[in-house]
>>> print(open('work-v9.pdb').read())   # PDB, N, CA and C atoms and all ligand atoms
MODEL        1
ATOM      1  N   MET A 254     192.856 136.809 133.176
ATOM      2  CA  MET A 254     191.885 137.010 134.259
ATOM      3  C   MET A 254     192.349 138.125 135.194
ATOM      4  N   GLU A 255     193.720 138.375 135.217
ATOM      5  CA  GLU A 255     194.216 139.428 136.116
ATOM      6  C   GLU A 255     193.797 140.804 135.627
ATOM      7  N   ASN A 256     193.345 140.897 134.388
ATOM      8  CA  ASN A 256     192.966 142.192 133.833
ATOM      9  C   ASN A 256     191.630 142.693 134.388
ATOM     10  N   ILE A 257     190.844 141.816 134.918
ATOM     11  CA  ILE A 257     189.551 142.247 135.461
ATOM     12  C   ILE A 257     189.762 142.930 136.797
ATOM     13  N   THR A 258     189.395 144.193 136.842
ATOM     14  CA  THR A 258     189.567 144.950 138.077
ATOM     15  C   THR A 258     188.326 144.828 138.943
ATOM     16  N   ALA A 259     188.445 145.318 140.143
ATOM     17  CA  ALA A 259     187.309 145.250 141.078
ATOM     18  C   ALA A 259     186.144 146.061 140.562
ATOM     19  N   SER A 260     186.454 147.218 139.956
ATOM     20  CA  SER A 260     185.350 148.065 139.480
ATOM     21  C   SER A 260     184.637 147.393 138.302
ATOM     22  N   GLU A 261     185.426 146.692 137.492
ATOM     23  CA  GLU A 261     184.795 145.978 136.375
ATOM     24  C   GLU A 261     183.893 144.870 136.907
ATOM     25  N   LEU A 262     184.370 144.200 137.917
ATOM     26  CA  LEU A 262     183.556 143.168 138.544
ATOM     27  C   LEU A 262     182.273 143.752 139.107
ATOM     28  N   ALA A 263     182.409 144.900 139.767
ATOM     29  CA  ALA A 263     181.237 145.553 140.348
ATOM     30  C   ALA A 263     180.262 145.944 139.247
ATOM     31  N   GLY A 264     180.817 146.476 138.158
ATOM     32  CA  GLY A 264     179.957 146.869 137.047
ATOM     33  C   GLY A 264     179.234 145.674 136.466
ATOM     34  N   PHE A 265     179.948 144.570 136.383
ATOM     35  CA  PHE A 265     179.330 143.347 135.881
ATOM     36  C   PHE A 265     178.204 142.890 136.807
ATOM     37  N   GLY A 266     178.486 143.004 138.110
ATOM     38  CA  GLY A 266     177.473 142.596 139.086
ATOM     39  C   GLY A 266     176.229 143.451 138.985
ATOM     40  N   VAL A 267     176.421 144.775 138.863
ATOM     41  CA  VAL A 267     175.272 145.676 138.756
ATOM     42  C   VAL A 267     174.502 145.392 137.473
ATOM     43  N   GLY A 268     175.251 145.168 136.398
ATOM     44  CA  GLY A 268     174.596 144.881 135.124
ATOM     45  C   GLY A 268     173.751 143.624 135.211
ATOM     46  N   THR A 269     174.296 142.613 135.865
ATOM     47  CA  THR A 269     173.545 141.369 136.024
ATOM     48  C   THR A 269     172.297 141.593 136.859
ATOM     49  N   LEU A 270     172.447 142.395 137.900
ATOM     50  CA  LEU A 270     171.293 142.691 138.756
ATOM     51  C   LEU A 270     170.214 143.412 137.960
ATOM     52  N   LEU A 271     170.643 144.399 137.170
ATOM     53  CA  LEU A 271     169.678 145.154 136.366
ATOM     54  C   LEU A 271     168.978 144.217 135.382
ATOM     55  N   LEU A 272     169.764 143.332 134.773
ATOM     56  CA  LEU A 272     169.191 142.392 133.807
ATOM     57  C   LEU A 272     168.163 141.494 134.496
ATOM     58  N   CYS A 273     168.530 141.014 135.670
ATOM     59  CA  CYS A 273     167.616 140.158 136.428
ATOM     60  C   CYS A 273     166.344 140.922 136.761
ATOM     61  N   ALA A 274     166.494 142.162 137.189
ATOM     62  CA  ALA A 274     165.327 142.964 137.563
ATOM     63  C   ALA A 274     164.428 143.164 136.355
ATOM     64  N   THR A 275     165.047 143.408 135.187
ATOM     65  CA  THR A 275     164.257 143.614 133.974
ATOM     66  C   THR A 275     163.479 142.352 133.609
ATOM     67  N   ILE A 276     164.139 141.223 133.748
ATOM     68  CA  ILE A 276     163.486 139.963 133.405
ATOM     69  C   ILE A 276     162.395 139.634 134.426
ATOM     70  N   ALA A 277     162.681 139.913 135.692
ATOM     71  CA  ALA A 277     161.758 139.504 136.758
ATOM     72  C   ALA A 277     160.559 140.430 136.853
ATOM     73  N   ALA A 278     160.690 141.665 136.383
ATOM     74  CA  ALA A 278     159.629 142.655 136.583
ATOM     75  C   ALA A 278     158.257 142.180 136.105
ATOM     76  N   PRO A 279     158.137 141.714 134.860
ATOM     77  CA  PRO A 279     156.799 141.277 134.409
ATOM     78  C   PRO A 279     156.255 140.130 135.233
ATOM     79  N   ARG A 280     157.145 139.247 135.691
ATOM     80  CA  ARG A 280     156.687 138.108 136.475
ATOM     81  C   ARG A 280     156.189 138.566 137.833
ATOM     82  N   VAL A 281     156.938 139.489 138.425
ATOM     83  CA  VAL A 281     156.497 140.030 139.709
ATOM     84  C   VAL A 281     155.153 140.703 139.529
ATOM     85  N   ASP A 282     155.014 141.445 138.437
ATOM     86  CA  ASP A 282     153.757 142.142 138.163
ATOM     87  C   ASP A 282     152.604 141.147 138.030
ATOM     88  N   SER A 283     152.824 140.085 137.288
ATOM     89  CA  SER A 283     151.745 139.114 137.095
ATOM     90  C   SER A 283     151.465 138.382 138.397
ATOM     91  N   PHE A 284     152.523 138.192 139.180
ATOM     92  CA  PHE A 284     152.318 137.516 140.463
ATOM     93  C   PHE A 284     151.443 138.373 141.357
ATOM     94  N   ILE A 285     151.726 139.684 141.369
ATOM     95  CA  ILE A 285     150.943 140.579 142.220
ATOM     96  C   ILE A 285     149.492 140.629 141.754
ATOM     97  N   SER A 286     149.291 140.754 140.448
ATOM     98  CA  SER A 286     147.919 140.825 139.959
ATOM     99  C   SER A 286     147.189 139.512 140.232
ATOM    100  N   ALA A 287     147.927 138.421 140.189
ATOM    101  CA  ALA A 287     147.304 137.127 140.473
ATOM    102  C   ALA A 287     146.862 137.066 141.924
ATOM    103  N   SER A 288     147.716 137.559 142.813
ATOM    104  CA  SER A 288     147.339 137.525 144.222
ATOM    105  C   SER A 288     146.204 138.498 144.499
ATOM    106  N   GLN A 289     146.161 139.585 143.721
ATOM    107  CA  GLN A 289     145.037 140.513 143.870
ATOM    108  C   GLN A 289     143.737 139.839 143.468
ATOM    109  N   ARG A 290     143.791 139.131 142.360
ATOM    110  CA  ARG A 290     142.607 138.398 141.916
ATOM    111  C   ARG A 290     142.163 137.426 143.000
ATOM    112  N   ARG A 291     143.141 136.753 143.580
ATOM    113  CA  ARG A 291     142.822 135.754 144.579
ATOM    114  C   ARG A 291     142.185 136.417 145.799
ATOM    115  N   SER A 292     142.689 137.596 146.129
ATOM    116  CA  SER A 292     142.128 138.274 147.294
ATOM    117  C   SER A 292     140.707 138.729 146.998
ATOM    118  N   LEU A 293     140.392 138.934 145.721
ATOM    119  CA  LEU A 293     139.018 139.272 145.353
ATOM    120  C   LEU A 293     138.123 138.039 145.400
ATOM    121  N   GLY A 294     138.747 136.874 145.510
ATOM    122  CA  GLY A 294     137.979 135.639 145.604
ATOM    123  C   GLY A 294     137.437 135.197 144.266
ATOM    124  N   MET A 295     138.019 135.717 143.195
ATOM    125  CA  MET A 295     137.501 135.331 141.887
ATOM    126  C   MET A 295     138.662 135.186 140.911
ATOM    127  N   CYS A 296     138.578 134.167 140.109
ATOM    128  CA  CYS A 296     139.646 133.931 139.152
ATOM    129  C   CYS A 296     139.339 134.676 137.859
ATOM    130  N   LYS A 297     140.245 135.547 137.464
ATOM    131  CA  LYS A 297     139.982 136.316 136.245
ATOM    132  C   LYS A 297     140.272 135.508 135.006
ATOM    133  N   LYS A 298     141.071 134.482 135.168
ATOM    134  CA  LYS A 298     141.428 133.685 134.002
ATOM    135  C   LYS A 298     140.231 132.878 133.516
ATOM    136  N   CYS A 299     139.469 132.341 134.468
ATOM    137  CA  CYS A 299     138.370 131.462 134.078
ATOM    138  C   CYS A 299     137.031 131.968 134.598
ATOM    139  N   GLY A 300     137.025 133.056 135.335
ATOM    140  CA  GLY A 300     135.768 133.561 135.875
ATOM    141  C   GLY A 300     135.142 132.592 136.859
ATOM    142  N   ASP A 301     135.999 131.905 137.631
ATOM    143  CA  ASP A 301     135.551 130.963 138.661
ATOM    144  C   ASP A 301     134.879 129.723 138.083
ATOM    145  N   LEU A 302     135.098 129.472 136.814
ATOM    146  CA  LEU A 302     134.553 128.243 136.233
ATOM    147  C   LEU A 302     135.437 127.042 136.542
ATOM    148  N   LYS A 303     136.653 127.344 137.032
ATOM    149  CA  LYS A 303     137.640 126.309 137.357
ATOM    150  C   LYS A 303     138.134 125.590 136.107
ATOM    151  N   MET A 304     137.748 126.072 134.962
ATOM    152  CA  MET A 304     138.245 125.457 133.733
ATOM    153  C   MET A 304     138.290 126.495 132.618
ATOM    154  N   ILE A 305     139.137 126.261 131.663
ATOM    155  CA  ILE A 305     139.214 127.147 130.511
ATOM    156  C   ILE A 305     139.028 126.316 129.254
ATOM    157  N   ALA A 306     138.324 126.879 128.300
ATOM    158  CA  ALA A 306     138.032 126.148 127.076
ATOM    159  C   ALA A 306     139.315 125.913 126.278
ATOM    160  N   CYS A 307     139.374 124.775 125.664
ATOM    161  CA  CYS A 307     140.525 124.450 124.836
ATOM    162  C   CYS A 307     140.512 125.326 123.581
ATOM    163  N   SER A 308     141.610 125.980 123.315
ATOM    164  CA  SER A 308     141.638 126.890 122.171
ATOM    165  C   SER A 308     141.802 126.125 120.868
ATOM    166  N   LYS A 309     142.295 124.923 120.954
ATOM    167  CA  LYS A 309     142.541 124.156 119.731
ATOM    168  C   LYS A 309     141.251 123.642 119.116
ATOM    169  N   CYS A 310     140.343 123.158 119.971
ATOM    170  CA  CYS A 310     139.105 122.586 119.458
ATOM    171  C   CYS A 310     137.918 123.488 119.782
ATOM    172  N   LYS A 311     138.192 124.680 120.283
ATOM    173  CA  LYS A 311     137.155 125.647 120.634
ATOM    174  C   LYS A 311     136.174 125.072 121.650
ATOM    175  N   GLY A 312     136.656 124.202 122.502
ATOM    176  CA  GLY A 312     135.817 123.666 123.567
ATOM    177  C   GLY A 312     134.928 122.525 123.129
ATOM    178  N   VAL A 313     135.049 122.109 121.879
ATOM    179  CA  VAL A 313     134.182 121.034 121.380
ATOM    180  C   VAL A 313     134.701 119.669 121.842
ATOM    181  N   GLY A 314     135.992 119.543 121.926
ATOM    182  CA  GLY A 314     136.571 118.285 122.374
ATOM    183  C   GLY A 314     137.000 117.387 121.235
ATOM    184  N   SER A 315     136.660 117.774 120.024
ATOM    185  CA  SER A 315     137.085 116.974 118.883
ATOM    186  C   SER A 315     137.553 117.899 117.770
ATOM    187  N   VAL A 316     138.445 117.397 117.002
ATOM    188  CA  VAL A 316     138.932 118.159 115.865
ATOM    189  C   VAL A 316     138.707 117.355 114.595
ATOM    190  N   LYS A 317     138.520 118.047 113.500
ATOM    191  CA  LYS A 317     138.316 117.350 112.239
ATOM    192  C   LYS A 317     139.615 116.689 111.790
ATOM    193  N   ALA A 318     139.493 115.488 111.345
ATOM    194  CA  ALA A 318     140.679 114.798 110.864
ATOM    195  C   ALA A 318     141.230 115.541 109.654
ATOM    196  N   GLY A 319     142.528 115.666 109.617
ATOM    197  CA  GLY A 319     143.136 116.396 108.522
ATOM    198  C   GLY A 319     143.325 117.868 108.844
ATOM    199  N   ALA A 320     142.901 118.269 110.017
ATOM    200  CA  ALA A 320     143.146 119.642 110.450
ATOM    201  C   ALA A 320     144.647 119.840 110.619
ATOM    202  N   PRO A 321     145.093 121.079 110.497
ATOM    203  CA  PRO A 321     146.539 121.334 110.517
ATOM    204  C   PRO A 321     147.248 120.746 111.719
ATOM    205  N   PHE A 322     146.569 120.677 112.865
ATOM    206  CA  PHE A 322     147.260 120.238 114.058
ATOM    207  C   PHE A 322     146.894 118.808 114.443
ATOM    208  N   SER A 323     146.323 118.080 113.504
ATOM    209  CA  SER A 323     145.928 116.715 113.827
ATOM    210  C   SER A 323     147.130 115.785 113.768
ATOM    211  N   PHE A 324     147.285 114.996 114.819
ATOM    212  CA  PHE A 324     148.370 114.032 114.847
ATOM    213  C   PHE A 324     147.837 112.609 114.795
ATOM    214  N   ASN A 325     146.544 112.494 114.515
ATOM    215  CA  ASN A 325     145.926 111.179 114.595
ATOM    216  C   ASN A 325     145.975 110.456 113.259
ATOM    217  N   LEU A 326     147.157 110.284 112.752
ATOM    218  CA  LEU A 326     147.314 109.634 111.464
ATOM    219  C   LEU A 326     146.826 108.203 111.532
ATOM    220  N   VAL A 327     147.120 107.528 112.624
ATOM    221  CA  VAL A 327     146.696 106.133 112.786
ATOM    222  C   VAL A 327     145.182 106.056 112.796
ATOM    223  N   ASP A 328     144.540 106.972 113.505
ATOM    224  CA  ASP A 328     143.078 107.001 113.536
ATOM    225  C   ASP A 328     142.524 107.232 112.140
ATOM    226  N   ASP A 329     143.167 108.123 111.387
ATOM    227  CA  ASP A 329     142.735 108.388 110.025
ATOM    228  C   ASP A 329     142.780 107.112 109.198
ATOM    229  N   LEU A 330     143.899 106.415 109.276
ATOM    230  CA  LEU A 330     144.061 105.183 108.508
ATOM    231  C   LEU A 330     143.035 104.156 108.948
ATOM    232  N   TYR A 331     142.850 104.045 110.232
ATOM    233  CA  TYR A 331     141.893 103.093 110.788
ATOM    234  C   TYR A 331     140.496 103.383 110.261
ATOM    235  N   GLN A 332     140.120 104.655 110.307
ATOM    236  CA  GLN A 332     138.777 105.014 109.890
ATOM    237  C   GLN A 332     138.602 104.844 108.385
ATOM    238  N   SER A 333     139.621 105.168 107.620
ATOM    239  CA  SER A 333     139.472 105.033 106.170
ATOM    240  C   SER A 333     139.497 103.563 105.772
ATOM    241  N   PHE A 334     140.150 102.729 106.570
ATOM    242  CA  PHE A 334     140.191 101.302 106.283
ATOM    243  C   PHE A 334     138.844 100.659 106.585
ATOM    244  N   TRP A 335     138.307 100.997 107.747
ATOM    245  CA  TRP A 335     137.043 100.404 108.164
ATOM    246  C   TRP A 335     135.843 101.164 107.638
ATOM    247  N   GLY A 336     136.083 102.325 107.136
ATOM    248  CA  GLY A 336     134.975 103.131 106.636
ATOM    249  C   GLY A 336     134.333 103.919 107.758
ATOM    250  N   ASP A 337     133.844 105.055 107.397
ATOM    251  CA  ASP A 337     133.204 105.896 108.393
ATOM    252  C   ASP A 337     131.957 106.505 107.774
ATOM    253  N   GLU A 338     130.875 106.540 108.539
ATOM    254  CA  GLU A 338     129.619 107.002 107.963
ATOM    255  C   GLU A 338     129.674 108.461 107.547
ATOM    256  N   SER A 339     130.407 109.240 108.314
ATOM    257  CA  SER A 339     130.472 110.663 107.993
ATOM    258  C   SER A 339     131.748 110.966 107.203
ATOM    259  N   LYS A 340     131.607 111.820 106.216
ATOM    260  CA  LYS A 340     132.783 112.182 105.421
ATOM    261  C   LYS A 340     133.698 113.105 106.209
ATOM    262  N   VAL A 341     133.062 113.968 107.010
ATOM    263  CA  VAL A 341     133.860 114.839 107.867
ATOM    264  C   VAL A 341     134.160 114.090 109.154
ATOM    265  N   ARG A 342     135.303 113.491 109.190
ATOM    266  CA  ARG A 342     135.651 112.732 110.374
ATOM    267  C   ARG A 342     136.216 113.658 111.432
ATOM    268  N   SER A 343     136.003 113.274 112.638
ATOM    269  CA  SER A 343     136.593 114.054 113.720
ATOM    270  C   SER A 343     137.226 113.106 114.717
ATOM    271  N   THR A 344     138.287 113.550 115.296
ATOM    272  CA  THR A 344     138.975 112.744 116.286
ATOM    273  C   THR A 344     139.053 113.525 117.587
ATOM    274  N   ALA A 345     139.303 112.821 118.636
ATOM    275  CA  ALA A 345     139.434 113.488 119.930
ATOM    276  C   ALA A 345     140.572 114.497 119.869
ATOM    277  N   CYS A 346     140.310 115.660 120.401
ATOM    278  CA  CYS A 346     141.308 116.722 120.372
ATOM    279  C   CYS A 346     142.576 116.262 121.083
ATOM    280  N   PRO A 347     143.704 116.282 120.392
ATOM    281  CA  PRO A 347     144.932 115.812 121.024
ATOM    282  C   PRO A 347     145.419 116.739 122.125
ATOM    283  N   SER A 348     144.893 117.955 122.122
ATOM    284  CA  SER A 348     145.381 118.926 123.097
ATOM    285  C   SER A 348     144.714 118.751 124.448
ATOM    286  N   CYS A 349     143.424 118.472 124.435
ATOM    287  CA  CYS A 349     142.677 118.366 125.699
ATOM    288  C   CYS A 349     142.150 116.950 125.905
ATOM    289  N   GLN A 350     142.588 116.001 125.093
ATOM    290  CA  GLN A 350     142.144 114.609 125.187
ATOM    291  C   GLN A 350     140.626 114.496 125.047
ATOM    292  N   GLY A 351     140.051 115.348 124.224
ATOM    293  CA  GLY A 351     138.632 115.237 123.920
ATOM    294  C   GLY A 351     137.717 115.820 124.981
ATOM    295  N   ARG A 352     138.290 116.443 125.987
ATOM    296  CA  ARG A 352     137.450 116.980 127.041
ATOM    297  C   ARG A 352     136.893 118.359 126.668
ATOM    298  N   GLY A 353     137.608 119.055 125.816
ATOM    299  CA  GLY A 353     137.146 120.374 125.391
ATOM    300  C   GLY A 353     137.556 121.488 126.329
ATOM    301  N   HIS A 354     138.155 121.129 127.428
ATOM    302  CA  HIS A 354     138.570 122.169 128.375
ATOM    303  C   HIS A 354     139.712 121.658 129.235
ATOM    304  N   PHE A 355     140.426 122.576 129.799
ATOM    305  CA  PHE A 355     141.462 122.244 130.769
ATOM    306  C   PHE A 355     141.010 122.761 132.128
ATOM    307  N   SER A 356     141.535 122.154 133.166
ATOM    308  CA  SER A 356     141.318 122.757 134.469
ATOM    309  C   SER A 356     142.181 124.009 134.547
ATOM    310  N   CYS A 357     141.610 125.049 135.111
ATOM    311  CA  CYS A 357     142.285 126.344 135.128
ATOM    312  C   CYS A 357     143.601 126.250 135.888
ATOM    313  N   PRO A 358     144.702 126.641 135.255
ATOM    314  CA  PRO A 358     145.988 126.557 135.935
ATOM    315  C   PRO A 358     146.050 127.452 137.169
ATOM    316  N   ASP A 359     145.356 128.559 137.123
ATOM    317  CA  ASP A 359     145.348 129.458 138.283
ATOM    318  C   ASP A 359     144.615 128.815 139.456
ATOM    319  N   CYS A 360     143.460 128.273 139.179
ATOM    320  CA  CYS A 360     142.632 127.709 140.239
ATOM    321  C   CYS A 360     143.267 126.446 140.802
ATOM    322  N   SER A 361     143.828 125.618 139.936
ATOM    323  CA  SER A 361     144.394 124.369 140.417
ATOM    324  C   SER A 361     145.657 124.617 141.221
ATOM    325  N   LYS A 362     146.258 125.815 140.988
ATOM    326  CA  LYS A 362     147.467 126.149 141.738
ATOM    327  C   LYS A 362     147.115 126.626 143.137
ATOM    328  N   SER A 363     146.009 127.329 143.253
ATOM    329  CA  SER A 363     145.649 127.899 144.536
ATOM    330  C   SER A 363     145.218 126.804 145.509
ATOM    331  N   PRO A 364     145.503 126.974 146.759
ATOM    332  CA  PRO A 364     145.164 125.942 147.745
ATOM    333  C   PRO A 364     143.666 125.752 147.938
TER     334      PRO A 364
HETATM  335 ZN    ZN B 401     140.710 120.528 122.664
HETATM  336 ZN    ZN B 402     140.670 129.910 137.329
ENDMDL
END
>>> encode(input="work-v9.pdb", output="structure tokens")
Amino acid sequence: MENITASELAGFGVGTLLLCATIAAPRVDSFISASQRRSLGMCKKCGDLKMIACSKCKGVGSVKAGAPFSFNLVDDLYQSFWGDESKVRSTACPSCQGRGHFSCPDCSKSP
């Protein structure tokens, strides 16, 4: 540890600062653009709808059973055991709990 000189320490400190600045830059940028949007009084993420459509179920609120992202194995078994009138079964979207949309994270964050 005695080998580390003051200049090496300083260099390490500057390097860390530069790294932090590089990492923080995009976040600062998005923060500024977010506050700009807010000052415009309109949410660009959702267009003031206060909600964004679920990308998993395309806003429908249900997904077809057997879809790649379906985790409703129990529901599948239940439906196949009891029978289901439709061959194309659908279950509530596990991502949005069948609502088809989320409340906009930008809007819900703002006071
Ligand atoms: Zn969904
Ligand atoms: Zn919004």
>>> closest_residue(input="work-v9.pdb", among="A:Leu302, A:Cys310, A:Cys296, A:Val316", to="Ser356 of chain A", atoms="all atoms listed in the file")
A:Leu302
>>> atom_distance(input="work-v9.pdb", atom1="atom CA of Ser361 of chain A", atom2="atom CA of Ser348 of chain A")
18.2 Å
>>> residues_near_ligand(input="work-v9.pdb", ligand="ligand ZN 402 (chain B)", cutoff="6.5 Å", atoms="only N, CA and C atoms and all ligand atoms", output="MDAnalysis selection string")
chainID A and resid 296:304 357:361
>>> write_last_selection(input="work-v9.pdb", atoms="N, CA and C atoms", output="compact mmCIF listing (two decimals), in the coordinates of the input")
# COMPACT_ATOMS: atom_id res chain seq x y z
N CYS A 296 138.58 134.17 140.11
CA CYS A 296 139.65 133.93 139.15
C CYS A 296 139.34 134.68 137.86
N LYS A 297 140.24 135.55 137.46
CA LYS A 297 139.98 136.32 136.24
C LYS A 297 140.27 135.51 135.01
N LYS A 298 141.07 134.48 135.17
CA LYS A 298 141.43 133.68 134.00
C LYS A 298 140.23 132.88 133.52
N CYS A 299 139.47 132.34 134.47
CA CYS A 299 138.37 131.46 134.08
C CYS A 299 137.03 131.97 134.60
N GLY A 300 137.02 133.06 135.34
CA GLY A 300 135.77 133.56 135.88
C GLY A 300 135.14 132.59 136.86
N ASP A 301 136.00 131.90 137.63
CA ASP A 301 135.55 130.96 138.66
C ASP A 301 134.88 129.72 138.08
N LEU A 302 135.10 129.47 136.81
CA LEU A 302 134.55 128.24 136.23
C LEU A 302 135.44 127.04 136.54
N LYS A 303 136.65 127.34 137.03
CA LYS A 303 137.64 126.31 137.36
C LYS A 303 138.13 125.59 136.11
N MET A 304 137.75 126.07 134.96
CA MET A 304 138.24 125.46 133.73
C MET A 304 138.29 126.50 132.62
N CYS A 357 141.61 125.05 135.11
CA CYS A 357 142.28 126.34 135.13
C CYS A 357 143.60 126.25 135.89
N PRO A 358 144.70 126.64 135.26
CA PRO A 358 145.99 126.56 135.94
C PRO A 358 146.05 127.45 137.17
N ASP A 359 145.36 128.56 137.12
CA ASP A 359 145.35 129.46 138.28
C ASP A 359 144.62 128.82 139.46
N CYS A 360 143.46 128.27 139.18
CA CYS A 360 142.63 127.71 140.24
C CYS A 360 143.27 126.45 140.80
N SER A 361 143.83 125.62 139.94
CA SER A 361 144.39 124.37 140.42
C SER A 361 145.66 124.62 141.22
>>> closest_atom_pairs(input="work-v9.pdb", of="chain A", to="ligand ZN 401 (chain B)", cutoff="10 Å", atoms="only C-alpha atoms and all ligand atoms", output="CSV")
residue,atom,partner,partner_atom,distance
A:Ala306,CA,B:ZN401,ZN,7.6
A:Cys307,CA,B:ZN401,ZN,4.5
A:Ser308,CA,B:ZN401,ZN,6.4
A:Lys309,CA,B:ZN401,ZN,5.0
A:Cys310,CA,B:ZN401,ZN,4.1
A:Lys311,CA,B:ZN401,ZN,6.6
A:Gly312,CA,B:ZN401,ZN,5.9
A:Val313,CA,B:ZN401,ZN,6.7
A:Gly314,CA,B:ZN401,ZN,4.7
A:Ser315,CA,B:ZN401,ZN,6.3
A:Val316,CA,B:ZN401,ZN,7.4
A:Ala345,CA,B:ZN401,ZN,7.7
A:Cys346,CA,B:ZN401,ZN,4.5
A:Pro347,CA,B:ZN401,ZN,6.5
A:Ser348,CA,B:ZN401,ZN,5.0
A:Cys349,CA,B:ZN401,ZN,4.2
A:Gln350,CA,B:ZN401,ZN,6.6
A:Gly351,CA,B:ZN401,ZN,5.8
A:Arg352,CA,B:ZN401,ZN,6.5
A:Gly353,CA,B:ZN401,ZN,4.5
A:His354,CA,B:ZN401,ZN,6.3
A:Phe355,CA,B:ZN401,ZN,8.3
